[in-house]
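For reference, query.pdb (PDB, C-alpha atoms):
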```pdb
ATOM      1  CA  MET A1263      13.695 151.992  55.058  1.00  0.00           C
ATOM      2  CA  ASP A1264      15.014 154.728  57.085  1.00  0.00           C
ATOM      3  CA  ALA A1265      18.610 155.929  57.364  1.00  0.00           C
ATOM      4  CA  VAL A1266      19.336 154.043  60.585  1.00  0.00           C
ATOM      5  CA  THR A1267      18.305 150.716  59.071  1.00  0.00           C
ATOM      6  CA  LEU A1268      20.330 151.387  55.941  1.00  0.00           C
ATOM      7  CA  GLY A1269      23.322 152.307  58.099  1.00  0.00           C
ATOM      8  CA  ALA A1270      22.963 149.124  60.133  1.00  0.00           C
ATOM      9  CA  LEU A1271      22.654 146.992  56.982  1.00  0.00           C
ATOM     10  CA  GLY A1272      25.696 148.737  55.504  1.00  0.00           C
ATOM     11  CA  THR A1273      27.657 148.063  58.678  1.00  0.00           C
ATOM     12  CA  ILE A1274      26.658 144.378  58.596  1.00  0.00           C
ATOM     13  CA  VAL A1275      27.626 144.046  54.908  1.00  0.00           C
ATOM     14  CA  VAL A1276      30.950 145.800  55.482  1.00  0.00           C
ATOM     15  CA  GLY A1277      31.596 143.612  58.549  1.00  0.00           C
ATOM     16  CA  LEU A1278      30.841 140.437  56.580  1.00  0.00           C
ATOM     17  CA  ALA A1279      33.100 141.587  53.736  1.00  0.00           C
ATOM     18  CA  ALA A1280      35.889 142.370  56.205  1.00  0.00           C
ATOM     19  CA  ALA A1281      35.469 138.976  57.865  1.00  0.00           C
ATOM     20  CA  ALA A1282      35.531 137.215  54.487  1.00  0.00           C
ATOM     21  CA  ALA A1283      38.652 139.140  53.498  1.00  0.00           C
ATOM     22  CA  ALA A1284      40.333 138.250  56.800  1.00  0.00           C
ATOM     23  CA  VAL A1285      39.538 134.544  56.401  1.00  0.00           C
ATOM     24  CA  TYR A1286      40.740 134.560  52.810  1.00  0.00           C
ATOM     25  CA  GLY A1287      43.895 136.442  53.780  1.00  0.00           C
ATOM     26  CA  HIS A1288      44.599 134.050  56.643  1.00  0.00           C
ATOM     27  CA  ARG A1289      44.266 131.030  54.326  1.00  0.00           C
ATOM     28  CA  GLY A1290      46.567 132.666  51.816  1.00  0.00           C
ATOM     29  CA  GLN A1291      49.109 133.377  54.571  1.00  0.00           C
ATOM     30  CA  GLN A1292      48.970 129.732  55.720  1.00  0.00           C
ATOM     31  CA  ARG A1293      49.619 128.631  52.136  1.00  0.00           C
ATOM     32  CA  VAL A1294      52.625 130.966  51.914  1.00  0.00           C
ATOM     33  CA  ASN A1295      53.906 129.749  55.284  1.00  0.00           C
ATOM     34  CA  HIS A1296      53.516 126.148  54.164  1.00  0.00           C
ATOM     35  CA  GLN A1297      55.387 126.847  50.937  1.00  0.00           C
ATOM     36  CA  GLY A1298      58.116 128.595  52.935  1.00  0.00           C
ATOM     37  CA  ALA A1299      58.397 125.610  55.245  1.00  0.00           C
ATOM     38  CA  VAL A1300      58.632 123.284  52.263  1.00  0.00           C
ATOM     39  CA  MET A1301      61.325 125.412  50.652  1.00  0.00           C
ATOM     40  CA  THR A1302      63.222 125.705  53.959  1.00  0.00           C
ATOM     41  CA  GLY A1303      63.025 121.945  54.441  1.00  0.00           C
ATOM     42  CA  TYR A1304      64.183 121.376  50.874  1.00  0.00           C
ATOM     43  CA  GLY A1305      67.090 123.767  51.376  1.00  0.00           C
ATOM     44  CA  GLY A1306      68.044 121.931  54.562  1.00  0.00           C
ATOM     45  CA  LEU A1307      68.019 118.615  52.743  1.00  0.00           C
ATOM     46  CA  VAL A1308      70.167 120.027  49.965  1.00  0.00           C
ATOM     47  CA  ASP A1309      72.650 121.354  52.528  1.00  0.00           C
ATOM     48  CA  GLN A1310      72.719 117.999  54.293  1.00  0.00           C
ATOM     49  CA  LEU A1311      73.316 116.172  51.006  1.00  0.00           C
ATOM     50  CA  GLN A1312      76.144 118.525  50.119  1.00  0.00           C
ATOM     51  CA  GLU A1313      77.778 117.930  53.512  1.00  0.00           C
ATOM     52  CA  GLU A1314      77.444 114.162  53.123  1.00  0.00           C
ATOM     53  CA  ARG A1315      78.868 114.399  49.611  1.00  0.00           C
ATOM     54  CA  ALA A1316      81.857 116.389  50.900  1.00  0.00           C
ATOM     55  CA  GLU A1317      82.440 113.809  53.658  1.00  0.00           C
ATOM     56  CA  LEU A1318      82.312 110.965  51.135  1.00  0.00           C
ATOM     57  CA  ARG A1319      84.737 112.761  48.824  1.00  0.00           C
ATOM     58  CA  ALA A1320      87.157 113.189  51.728  1.00  0.00           C
ATOM     59  CA  ARG A1321      86.854 109.504  52.635  1.00  0.00           C
ATOM     60  CA  ILE A1322      87.417 108.488  49.010  1.00  0.00           C
ATOM     61  CA  ALA A1323      90.519 110.684  48.832  1.00  0.00           C
ATOM     62  CA  GLU A1324      91.822 109.080  52.047  1.00  0.00           C
ATOM     63  CA  LYS A1325      91.186 105.578  50.693  1.00  0.00           C
ATOM     64  CA  ASP A1326      92.906 106.519  47.417  1.00  0.00           C
ATOM     65  CA  ARG A1327      95.992 107.609  49.404  1.00  0.00           C
ATOM     66  CA  ASP A1328      95.916 104.351  51.392  1.00  0.00           C
ATOM     67  CA  LEU A1329      95.609 102.344  48.185  1.00  0.00           C
ATOM     68  CA  ALA A1330      98.506 104.198  46.558  1.00  0.00           C
ATOM     69  CA  ALA A1331     100.658 103.556  49.641  1.00  0.00           C
ATOM     70  CA  ALA A1332      99.757  99.844  49.553  1.00  0.00           C
ATOM     71  CA  TYR A1333     100.679  99.637  45.853  1.00  0.00           C
ATOM     72  CA  ALA A1334     103.989 101.389  46.564  1.00  0.00           C
ATOM     73  CA  GLU A1335     104.730  98.945  49.392  1.00  0.00           C
ATOM     74  CA  LEU A1336     103.852  96.005  47.163  1.00  0.00           C
ATOM     75  CA  ALA A1337     106.123  97.297  44.403  1.00  0.00           C
ATOM     76  CA  SER A1338     108.941  97.725  46.942  1.00  0.00           C
ATOM     77  CA  GLU A1339     108.459  94.173  48.237  1.00  0.00           C
ATOM     78  CA  ARG A1340     108.455  92.815  44.681  1.00  0.00           C
ATOM     79  CA  ALA A1341     111.670  94.698  43.927  1.00  0.00           C
ATOM     80  CA  ASP A1342     113.241  93.297  47.115  1.00  0.00           C
ATOM     81  CA  LYS A1343     112.102  89.784  46.182  1.00  0.00           C
ATOM     82  CA  THR A1344     113.525  90.172  42.684  1.00  0.00           C
ATOM     83  CA  ALA A1345     116.847  91.397  44.094  1.00  0.00           C
ATOM     84  CA  LEU A1346     116.977  88.458  46.535  1.00  0.00           C
ATOM     85  CA  GLN A1347     116.136  85.990  43.763  1.00  0.00           C
ATOM     86  CA  GLY A1348     118.956  87.462  41.672  1.00  0.00           C
ATOM     87  CA  ARG A1349     121.375  87.101  44.612  1.00  0.00           C
ATOM     88  CA  ILE A1350     120.274  83.457  45.093  1.00  0.00           C
ATOM     89  CA  ASN A1351     120.853  82.771  41.400  1.00  0.00           C
ATOM     90  CA  ASP A1352     124.318  84.389  41.546  1.00  0.00           C
ATOM     91  CA  LEU A1353     125.323  82.361  44.621  1.00  0.00           C
ATOM     92  CA  THR A1354     123.987  79.135  43.101  1.00  0.00           C
ATOM     93  CA  ALA A1355     125.980  79.737  39.910  1.00  0.00           C
ATOM     94  CA  GLU A1356     129.105  80.548  41.940  1.00  0.00           C
ATOM     95  CA  ASN A1357     128.610  77.376  44.005  1.00  0.00           C
ATOM     96  CA  ARG A1358     128.332  75.265  40.820  1.00  0.00           C
ATOM     97  CA  SER A1359     131.416  76.937  39.425  1.00  0.00           C
ATOM     98  CA  LEU A1360     133.411  76.241  42.594  1.00  0.00           C
ATOM     99  CA  ARG A1361     132.281  72.593  42.637  1.00  0.00           C
ATOM    100  CA  ALA A1362     133.284  72.193  39.012  1.00  0.00           C
ATOM    101  CA  ARG A1363     136.652  73.762  39.719  1.00  0.00           C
ATOM    102  CA  LEU A1364     137.149  71.513  42.783  1.00  0.00           C
ATOM    103  CA  THR A1365     136.317  68.469  40.692  1.00  0.00           C
ATOM    104  CA  ALA A1366     138.696  69.643  37.947  1.00  0.00           C
ATOM    105  CA  LEU A1367     141.466  69.938  40.532  1.00  0.00           C
ATOM    106  CA  GLY A1368     140.824  66.347  41.644  1.00  0.00           C
ATOM    107  CA  GLY A1369     138.985  67.077  44.840  1.00  0.00           C
ATOM    108  CA  ASP A1370     136.012  65.201  46.261  1.00  0.00           C
ATOM    109  CA  THR A1371     132.682  67.079  46.498  1.00  0.00           C
ATOM    110  CA  SER A1372     130.788  64.292  48.229  1.00  0.00           C
ATOM    111  CA  ASP A1373     131.094  65.873  51.680  1.00  0.00           C
ATOM    112  CA  ALA A1374     129.773  69.239  50.459  1.00  0.00           C
ATOM    113  CA  PRO A1375     125.998  69.763  50.439  1.00  0.00           C
ATOM    114  CA  SER A1376     124.498  69.723  46.962  1.00  0.00           C
ATOM    115  CA  THR A1377     122.058  72.190  45.546  1.00  0.00           C
TER
END
```
Will you turn the file into structure tokens for me?
Amino acid sequence: MDAVTLGALGTIVVGLAAAAAAVYGHRGQQRVNHQGAVMTGYGGLVDQLQEERAELRARIAEKDRDLAAAYAELASERADKTALQGRINDLTAENRSLRARLTALGGDTSDAPST
């Protein structure tokens, strides 16, 4: 073989090696891009989950405040009911006492409403 043929064969071999390296490099770059897309997608999902978690925590805190207010209102209503029941009991006892006193004084309690 002469020098021209060897040069041409060398050029072909170098060209094939360069083409193989380019194909291999391109496949490797696609793999890296795919991994980057997966990691970016995963990061986006994590961010979305953290935002949803923060929203849910805020809603839970709001519902806790509403529940505490409802319990406070219920306690207030129970206290009012207890106070009213005590007033009813006091008035009933006073009414009985006045009827007994009226009877002791010789009065008639038949026209008064009974309790």
Atom CA of A:Arg1349 to atom CA of A:Ala1330 measures 28.6 Å
Enter the distance from atom CA of A:Leu1360 to atom CA of A:Ala1345, in Å, rounded to one decimal.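 Separating atom CA of A:Leu1360 from atom CA of A:Ala1345 is a distance of 22.5 Å.
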Separating atom CA of A:Leu1364 from atom CA of A:Gly1348, to the nearest tenth of an Å, is a gap of 24.2 Å
Find the smallest box with edges along x, y and z containing every listed atom of stretch 1314-1326 of chain A, then add 8 Å on each side and report centre and edge lengths in Å to one decimal, as JSON.
```
{"center_x": 85.2, "center_y": 111.0, "center_z": 50.5, "size_x": 31.5, "size_y": 26.8, "size_z": 22.2}
```
